[in-house]
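Visitor: Quick one, data.cif (mmCIF, C-alpha atoms):
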data_coords
loop_
_atom_site.label_atom_id
_atom_site.label_comp_id
_atom_site.auth_asym_id
_atom_site.auth_seq_id
_atom_site.Cartn_x
_atom_site.Cartn_y
_atom_site.Cartn_z
CA MET H 849 45.98 234.69 97.20
CA THR H 850 49.22 234.92 99.18
CA GLU H 851 49.45 233.40 102.65
CA LEU H 852 49.67 236.88 104.19
CA ALA H 853 46.58 238.11 102.30
CA PHE H 854 44.71 234.93 103.24
CA PHE H 855 45.68 235.41 106.90
CA LEU H 856 44.85 239.14 106.99
CA LYS H 857 41.43 238.51 105.48
CA GLN H 858 40.66 236.27 108.46
CA VAL H 859 42.07 238.84 110.91
CA ALA H 860 39.71 241.44 109.45
CA SER H 861 36.63 239.21 109.23
CA LYS H 862 37.03 237.28 112.51
CA PRO H 863 39.10 239.38 114.93
CA ARG H 864 37.92 237.39 117.96
CA GLU H 865 39.28 234.18 116.43
CA VAL H 866 42.48 235.51 114.82
CA VAL H 867 44.38 237.99 116.95
CA ALA H 868 47.93 237.74 115.56
CA LEU H 869 49.17 240.48 113.26
CA ALA H 870 50.79 238.07 110.79
CA PRO H 871 51.29 234.31 110.41
CA SER H 872 54.26 232.82 112.23
CA SER H 873 57.53 232.92 110.33
CA ARG H 874 59.30 229.76 109.21
CA ALA H 875 62.09 230.55 111.70
CA LEU H 876 59.65 230.65 114.64
CA ALA H 877 57.78 227.57 113.43
CA MET H 878 61.03 225.61 113.10
CA ARG H 879 62.23 226.69 116.56
CA MET H 880 59.00 225.41 118.08
CA ALA H 881 59.02 222.16 116.09
CA GLU H 882 62.65 221.49 117.04
CA ALA H 883 61.65 221.72 120.74
CA VAL H 884 59.32 218.71 120.40
CA PRO H 885 60.84 215.67 122.14
CA GLU H 886 62.19 213.03 119.76
CA GLY H 887 60.73 209.57 119.45
CA PRO H 888 57.23 208.20 119.09
CA GLY H 889 54.14 209.92 120.44
CA ASN H 890 51.45 212.34 119.39
CA VAL H 891 51.77 216.11 119.01
CA VAL H 892 48.77 218.38 119.55
CA GLU H 893 48.87 221.76 117.82
CA LEU H 894 46.60 224.48 119.22
CA GLY H 895 45.64 227.39 116.97
CA ALA H 896 47.06 225.90 113.79
CA GLY H 897 46.11 228.87 111.60
CA THR H 898 47.54 228.58 108.09
CA GLY H 899 49.68 225.55 108.97
CA LYS H 900 53.13 227.10 109.29
CA ILE H 901 53.91 225.17 112.49
CA THR H 902 52.25 222.04 111.05
CA THR H 903 54.67 222.20 108.11
CA ALA H 904 57.63 222.65 110.47
CA LEU H 905 56.54 219.62 112.53
CA LEU H 906 56.50 217.55 109.35
CA ASP H 907 59.88 218.97 108.33
CA VAL H 908 61.50 217.82 111.59
CA GLY H 909 60.14 214.31 111.10
CA VAL H 910 56.90 214.17 113.09
CA PRO H 911 54.70 211.76 111.09
CA ILE H 912 51.48 213.33 109.82
CA GLU H 913 49.38 210.67 111.56
CA ALA H 914 50.88 211.78 114.91
CA ILE H 915 49.84 215.44 114.49
CA HIS H 916 46.45 216.57 115.81
CA THR H 917 45.57 220.19 115.01
CA PHE H 918 42.90 222.29 116.69
CA GLU H 919 41.63 225.41 114.96
CA ILE H 920 38.32 227.17 115.68
CA ASN H 921 38.36 229.30 112.54
CA SER H 922 36.41 227.36 109.89
CA ILE H 923 38.29 228.92 106.95
CA PHE H 924 41.68 227.96 108.41
CA SER H 925 40.34 224.52 109.37
CA ASP H 926 39.12 223.88 105.81
CA HIS H 927 42.44 225.16 104.43
CA LEU H 928 44.38 222.71 106.63
CA LYS H 929 42.18 219.81 105.49
CA ARG H 930 42.83 220.70 101.83
CA GLU H 931 46.58 221.21 102.28
CA TYR H 932 47.09 218.09 104.41
CA PRO H 933 44.36 215.52 103.61
CA ASP H 934 45.84 212.96 106.07
CA LEU H 935 46.13 215.43 108.97
CA HIS H 936 43.86 215.10 112.02
CA VAL H 937 42.06 218.48 112.02
CA TYR H 938 39.57 219.34 114.76
CA GLN H 939 37.46 222.45 114.45
CA ASP H 940 37.12 222.85 118.19
CA ARG H 941 38.33 225.00 121.06
CA ALA H 942 41.77 224.28 122.49
CA GLU H 943 40.49 223.54 125.99
CA HIS H 944 38.34 220.72 124.54
CA PHE H 945 41.18 218.70 123.08
CA GLY H 946 41.11 216.30 126.03
CA GLN H 947 37.65 215.18 124.87
CA HIS H 948 38.93 213.75 121.58
CA GLY H 949 40.65 210.60 122.88
CA ILE H 950 44.19 211.51 121.80
CA LYS H 951 46.61 209.30 123.73
CA ASP H 952 50.37 209.31 124.30
CA VAL H 953 50.80 213.07 123.82
CA LYS H 954 54.50 213.97 123.94
CA ALA H 955 54.04 217.67 123.13
CA VAL H 956 51.48 220.41 122.80
CA VAL H 957 52.58 223.19 120.44
CA SER H 958 50.54 226.35 120.82
CA GLY H 959 50.04 229.34 118.56
CA LEU H 960 47.33 230.73 120.83
CA PRO H 961 47.56 234.27 122.23
CA LEU H 962 47.83 233.15 125.87
CA LEU H 963 49.02 236.54 127.16
CA SER H 964 45.80 238.17 125.97
CA MET H 965 43.66 235.60 127.81
CA GLY H 966 42.40 235.81 131.36
CA ASP H 967 43.44 233.45 134.14
CA ASP H 968 40.41 231.16 133.69
CA ALA H 969 41.00 230.69 129.95
CA GLN H 970 44.74 230.09 130.45
CA ARG H 971 44.04 227.67 133.29
CA ALA H 972 41.54 225.72 131.14
CA ILE H 973 43.89 225.44 128.15
CA VAL H 974 47.16 224.80 129.97
CA GLY H 975 45.47 222.58 132.59
CA THR H 976 43.94 220.45 129.83
CA ALA H 977 47.32 220.23 128.10
CA PHE H 978 49.15 219.03 131.19
CA GLY H 979 46.28 216.67 131.99
CA GLN H 980 46.83 215.01 128.60
CA LEU H 981 50.63 215.15 128.29
CA ARG H 982 52.51 211.98 129.14
CA PRO H 983 55.21 212.20 131.85
CA GLY H 984 58.09 214.29 130.49
CA GLY H 985 55.82 215.95 127.90
CA MET H 986 56.32 219.56 126.81
CA PHE H 987 53.98 222.52 126.27
CA ILE H 988 55.63 224.76 123.66
CA GLN H 989 54.31 228.31 123.31
CA PHE H 990 55.58 231.45 121.64
CA THR H 991 55.09 235.00 122.78
CA TYR H 992 55.87 238.50 121.59
CA GLY H 993 56.07 239.74 125.18
CA PRO H 994 59.05 239.97 127.56
CA VAL H 995 57.62 237.56 130.18
CA PRO H 996 56.59 233.89 130.11
CA PRO H 997 53.24 233.54 128.33
CA ILE H 998 51.73 231.43 131.12
CA ARG H 999 50.94 233.50 134.20
CA LYS H 1000 52.94 232.83 137.36
CA VAL H 1001 49.89 231.79 139.39
CA ILE H 1002 49.12 229.06 136.83
CA ARG H 1003 52.77 228.00 136.55
CA ASP H 1004 52.83 227.66 140.34
CA GLU H 1005 49.51 225.75 140.49
CA LEU H 1006 50.77 223.26 137.89
CA SER H 1007 54.38 223.19 139.17
CA LEU H 1008 55.79 224.24 135.80
CA GLY H 1009 59.37 224.99 134.89
CA TRP H 1010 60.47 226.31 131.53
CA THR H 1011 63.25 226.99 129.10
CA ARG H 1012 63.26 229.94 126.74
CA SER H 1013 64.70 230.31 123.25
CA GLU H 1014 66.72 233.24 122.09
CA LYS H 1015 64.67 236.01 120.46
CA ILE H 1016 63.60 235.03 116.96
CA TRP H 1017 64.21 238.23 115.03
CA ARG H 1018 63.03 236.78 111.72
CA ASN H 1019 59.42 236.92 112.86
CA MET H 1020 57.00 239.85 112.68
CA PRO H 1021 56.98 240.97 115.43
CA PRO H 1022 60.06 239.28 116.93
CA ALA H 1023 59.07 236.41 119.22
CA THR H 1024 60.42 234.04 121.84
CA SER H 1025 59.51 230.38 122.26
CA TYR H 1026 59.05 228.80 125.69
CA SER H 1027 59.04 225.08 126.48
CA PHE H 1028 57.12 224.34 129.69
CA TYR H 1029 57.40 221.09 131.64
CA ARG H 1030 56.28 219.75 135.01
CA ARG H 1031 58.94 220.11 137.66
CA SER H 1032 59.69 217.06 139.78
CA VAL H 1033 58.03 217.26 143.15
CA ALA H 1034 60.23 215.87 145.90
#
Written as structure tokens, how would this file's structure read?

Guide:
Amino acid sequence: MTELAFFLKQVASKPREVVALAPSSRALAMRMAEAVPEGPGNVVELGAGTGKITTALLDVGVPIEAIHTFEINSIFSDHLKREYPDLHVYQDRAEHFGQHGIKDVKAVVSGLPLLSMGDDAQRAIVGTAFGQLRPGGMFIQFTYGPVPPIRKVIRDELSLGWTRSEKIWRNMPPATSYSFYRRSVA
């Protein structure tokens, strides 16, 4: 079964768990992986899906033992465990990742559909991420929309700044990657 067919089968059978129209492209996955700060530290991946971003993280040199993936879909979770036997795979909700004892988190890379979530869900996920990130850590998120994927009220509450990539046209649909960080408070 092709990756697209595998993905679409999950979209059709579990639409509340898989809301994207297609898996992320290699171009988008690489853009997100390249935004991860260099050096030692753990990377948490939220909504790992078929593992496209996981593969990109490995391709840019993040050691497999430093990658912790969270995926609620059991089929995708089992697929990731088969494809990457040494990968830390958690079949759990993104907002629970702080309960798994992962230390020294330099980046959280998210494939979750944040724009389709309400304020409370975004606050829980992004708040957990910034509660676990070490100083200087990044929250990397893509979006298909024209605005930052984290709502302004939550960005303000958490004192977040961001940088944005150029549009990634080789993705279906075209996407943009944002890297969020805590602004210094004077």

Visitor: Run the PyMOL selection byres ((chain H and resi 990) around 12) mentally over the shown coordinates, then write out the matched residues as a PyMOL selection string, using the chain letters and numbers from the document.

Guide: chain H and resi 868+872-873+875-881+883+894-895+901+956-963+987-989+991-998+1011-1016+1019+1021-1028

Visitor: At a cut-off of 8 Å from (51.8, 215.4, 128.1) in the coordinates of the file, what residues are picked up using only C-alpha atoms, written as a ChimeraX atom specification?

Guide: /H:952-956,977-987

Visitor: For this structure, which residues satisfy the selection - the PyMOL selection byres ((chain H and resi 928-945) around 10) - when it is evaluated on the file as given? I want them as number ranges by chain.

Guide: H: 892-899, 902-903, 911-927, 946-950, 958, 960, 969-977, 980

Visitor: Save out the residues we just selected, C-alpha atoms, as an mmCIF file, in the frame of the given file.

Guide:
data_model
loop_
_atom_site.group_PDB
_atom_site.id
_atom_site.type_symbol
_atom_site.label_atom_id
_atom_site.label_comp_id
_atom_site.auth_asym_id
_atom_site.auth_seq_id
_atom_site.Cartn_x
_atom_site.Cartn_y
_atom_site.Cartn_z
ATOM 1 C CA VAL H 892 48.770 218.380 119.550
ATOM 2 C CA GLU H 893 48.870 221.760 117.820
ATOM 3 C CA LEU H 894 46.600 224.480 119.220
ATOM 4 C CA GLY H 895 45.640 227.390 116.970
ATOM 5 C CA ALA H 896 47.060 225.900 113.790
ATOM 6 C CA GLY H 897 46.110 228.870 111.600
ATOM 7 C CA THR H 898 47.540 228.580 108.090
ATOM 8 C CA GLY H 899 49.680 225.550 108.970
ATOM 9 C CA THR H 902 52.250 222.040 111.050
ATOM 10 C CA THR H 903 54.670 222.200 108.110
ATOM 11 C CA PRO H 911 54.700 211.760 111.090
ATOM 12 C CA ILE H 912 51.480 213.330 109.820
ATOM 13 C CA GLU H 913 49.380 210.670 111.560
ATOM 14 C CA ALA H 914 50.880 211.780 114.910
ATOM 15 C CA ILE H 915 49.840 215.440 114.490
ATOM 16 C CA HIS H 916 46.450 216.570 115.810
ATOM 17 C CA THR H 917 45.570 220.190 115.010
ATOM 18 C CA PHE H 918 42.900 222.290 116.690
ATOM 19 C CA GLU H 919 41.630 225.410 114.960
ATOM 20 C CA ILE H 920 38.320 227.170 115.680
ATOM 21 C CA ASN H 921 38.360 229.300 112.540
ATOM 22 C CA SER H 922 36.410 227.360 109.890
ATOM 23 C CA ILE H 923 38.290 228.920 106.950
ATOM 24 C CA PHE H 924 41.680 227.960 108.410
ATOM 25 C CA SER H 925 40.340 224.520 109.370
ATOM 26 C CA ASP H 926 39.120 223.880 105.810
ATOM 27 C CA HIS H 927 42.440 225.160 104.430
ATOM 28 C CA GLY H 946 41.110 216.300 126.030
ATOM 29 C CA GLN H 947 37.650 215.180 124.870
ATOM 30 C CA HIS H 948 38.930 213.750 121.580
ATOM 31 C CA GLY H 949 40.650 210.600 122.880
ATOM 32 C CA ILE H 950 44.190 211.510 121.800
ATOM 33 C CA SER H 958 50.540 226.350 120.820
ATOM 34 C CA LEU H 960 47.330 230.730 120.830
ATOM 35 C CA ALA H 969 41.000 230.690 129.950
ATOM 36 C CA GLN H 970 44.740 230.090 130.450
ATOM 37 C CA ARG H 971 44.040 227.670 133.290
ATOM 38 C CA ALA H 972 41.540 225.720 131.140
ATOM 39 C CA ILE H 973 43.890 225.440 128.150
ATOM 40 C CA VAL H 974 47.160 224.800 129.970
ATOM 41 C CA GLY H 975 45.470 222.580 132.590
ATOM 42 C CA THR H 976 43.940 220.450 129.830
ATOM 43 C CA ALA H 977 47.320 220.230 128.100
ATOM 44 C CA GLN H 980 46.830 215.010 128.600
#

Visitor: Rank nothing, just name the residue among H:Arg999, H:Lys951, H:Arg874, H:Lys900 nearest to Asp968 (chain H), using all atoms listed in the file.

Guide: H:Arg999

Visitor: Hey, can you check how far CA of Val908 (chain H) sits from CA of Val891 (chain H)?

Guide: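 Separation of CA of Val908 (chain H) and CA of Val891 (chain H): 12.4 Å.
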
Visitor: By how many Å are CA of Leu1006 (chain H) and CA of Arg1030 (chain H) apart?

Guide: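 Separating CA of Leu1006 (chain H) from CA of Arg1030 (chain H) is a distance of 7.1 Å.
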
Visitor: Calculated over all atoms listed in the file, which of the candidates H:Ala904, H:Val910, H:Ser1007, H:Glu886 has the smallest distance to Ser1032 (chain H)?

Guide: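 Closest to Ser1032 (chain H), using all atoms listed in the file: H:Ser1007.
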
Visitor: Find the distance between CA of Arg1018 (chain H) and CA of Asp907 (chain H) and write it in Å to one decimal.

Guide: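 The value is 18.4 Å.
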
Visitor: Would you fill the gaps in region 898-911 of chain H so it has N, CA, C and O atoms, then print it as a PDB file, in the frame of the given file?

Guide:
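The resulting file, result-v4.pdb, is reproduced below:
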ATOM      1  N   THR H 898      47.282 228.937 109.487  1.00  0.00           N
ATOM      2  CA  THR H 898      47.540 228.580 108.090  1.00  0.00           C
ATOM      3  C   THR H 898      48.400 227.335 107.936  1.00  0.00           C
ATOM      4  O   THR H 898      48.636 226.883 106.821  1.00  0.00           O
ATOM      5  N   GLY H 899      48.906 226.784 109.034  1.00  0.00           N
ATOM      6  CA  GLY H 899      49.680 225.550 108.970  1.00  0.00           C
ATOM      7  C   GLY H 899      51.179 225.711 108.960  1.00  0.00           C
ATOM      8  O   GLY H 899      51.906 224.760 108.668  1.00  0.00           O
ATOM      9  N   LYS H 900      51.673 226.879 109.301  1.00  0.00           N
ATOM     10  CA  LYS H 900      53.130 227.100 109.290  1.00  0.00           C
ATOM     11  C   LYS H 900      53.839 226.172 110.284  1.00  0.00           C
ATOM     12  O   LYS H 900      54.857 225.567 109.951  1.00  0.00           O
ATOM     13  N   ILE H 901      53.292 226.047 111.492  1.00  0.00           N
ATOM     14  CA  ILE H 901      53.910 225.170 112.490  1.00  0.00           C
ATOM     15  C   ILE H 901      53.681 223.706 112.107  1.00  0.00           C
ATOM     16  O   ILE H 901      54.567 222.863 112.280  1.00  0.00           O
ATOM     17  N   THR H 902      52.526 223.397 111.535  1.00  0.00           N
ATOM     18  CA  THR H 902      52.250 222.040 111.050  1.00  0.00           C
ATOM     19  C   THR H 902      53.340 221.617 110.058  1.00  0.00           C
ATOM     20  O   THR H 902      53.903 220.522 110.159  1.00  0.00           O
ATOM     21  N   THR H 903      53.636 222.492 109.113  1.00  0.00           N
ATOM     22  CA  THR H 903      54.670 222.200 108.110  1.00  0.00           C
ATOM     23  C   THR H 903      56.024 221.972 108.777  1.00  0.00           C
ATOM     24  O   THR H 903      56.753 221.039 108.425  1.00  0.00           O
ATOM     25  N   ALA H 904      56.353 222.801 109.763  1.00  0.00           N
ATOM     26  CA  ALA H 904      57.630 222.650 110.470  1.00  0.00           C
ATOM     27  C   ALA H 904      57.682 221.318 111.221  1.00  0.00           C
ATOM     28  O   ALA H 904      58.732 220.661 111.251  1.00  0.00           O
ATOM     29  N   LEU H 905      56.570 220.916 111.838  1.00  0.00           N
ATOM     30  CA  LEU H 905      56.540 219.620 112.530  1.00  0.00           C
ATOM     31  C   LEU H 905      56.826 218.492 111.551  1.00  0.00           C
ATOM     32  O   LEU H 905      57.604 217.579 111.847  1.00  0.00           O
ATOM     33  N   LEU H 906      56.221 218.559 110.377  1.00  0.00           N
ATOM     34  CA  LEU H 906      56.500 217.550 109.350  1.00  0.00           C
ATOM     35  C   LEU H 906      57.955 217.605 108.909  1.00  0.00           C
ATOM     36  O   LEU H 906      58.593 216.559 108.728  1.00  0.00           O
ATOM     37  N   ASP H 907      58.491 218.806 108.769  1.00  0.00           N
ATOM     38  CA  ASP H 907      59.880 218.970 108.330  1.00  0.00           C
ATOM     39  C   ASP H 907      60.895 218.396 109.316  1.00  0.00           C
ATOM     40  O   ASP H 907      61.981 217.975 108.907  1.00  0.00           O
ATOM     41  N   VAL H 908      60.561 218.390 110.615  1.00  0.00           N
ATOM     42  CA  VAL H 908      61.500 217.820 111.590  1.00  0.00           C
ATOM     43  C   VAL H 908      61.245 216.337 111.823  1.00  0.00           C
ATOM     44  O   VAL H 908      61.874 215.720 112.684  1.00  0.00           O
ATOM     45  N   GLY H 909      60.323 215.760 111.058  1.00  0.00           N
ATOM     46  CA  GLY H 909      60.140 214.310 111.100  1.00  0.00           C
ATOM     47  C   GLY H 909      58.977 213.788 111.903  1.00  0.00           C
ATOM     48  O   GLY H 909      58.855 212.573 112.097  1.00  0.00           O
ATOM     49  N   VAL H 910      58.091 214.667 112.396  1.00  0.00           N
ATOM     50  CA  VAL H 910      56.900 214.170 113.090  1.00  0.00           C
ATOM     51  C   VAL H 910      55.964 213.607 112.011  1.00  0.00           C
ATOM     52  O   VAL H 910      55.608 214.321 111.076  1.00  0.00           O
ATOM     53  N   PRO H 911      55.585 212.338 112.109  1.00  0.00           N
ATOM     54  CA  PRO H 911      54.700 211.760 111.090  1.00  0.00           C
ATOM     55  C   PRO H 911      53.333 212.442 111.096  1.00  0.00           C
ATOM     56  O   PRO H 911      52.817 212.794 112.159  1.00  0.00           O
TER      57      PRO H 911
END
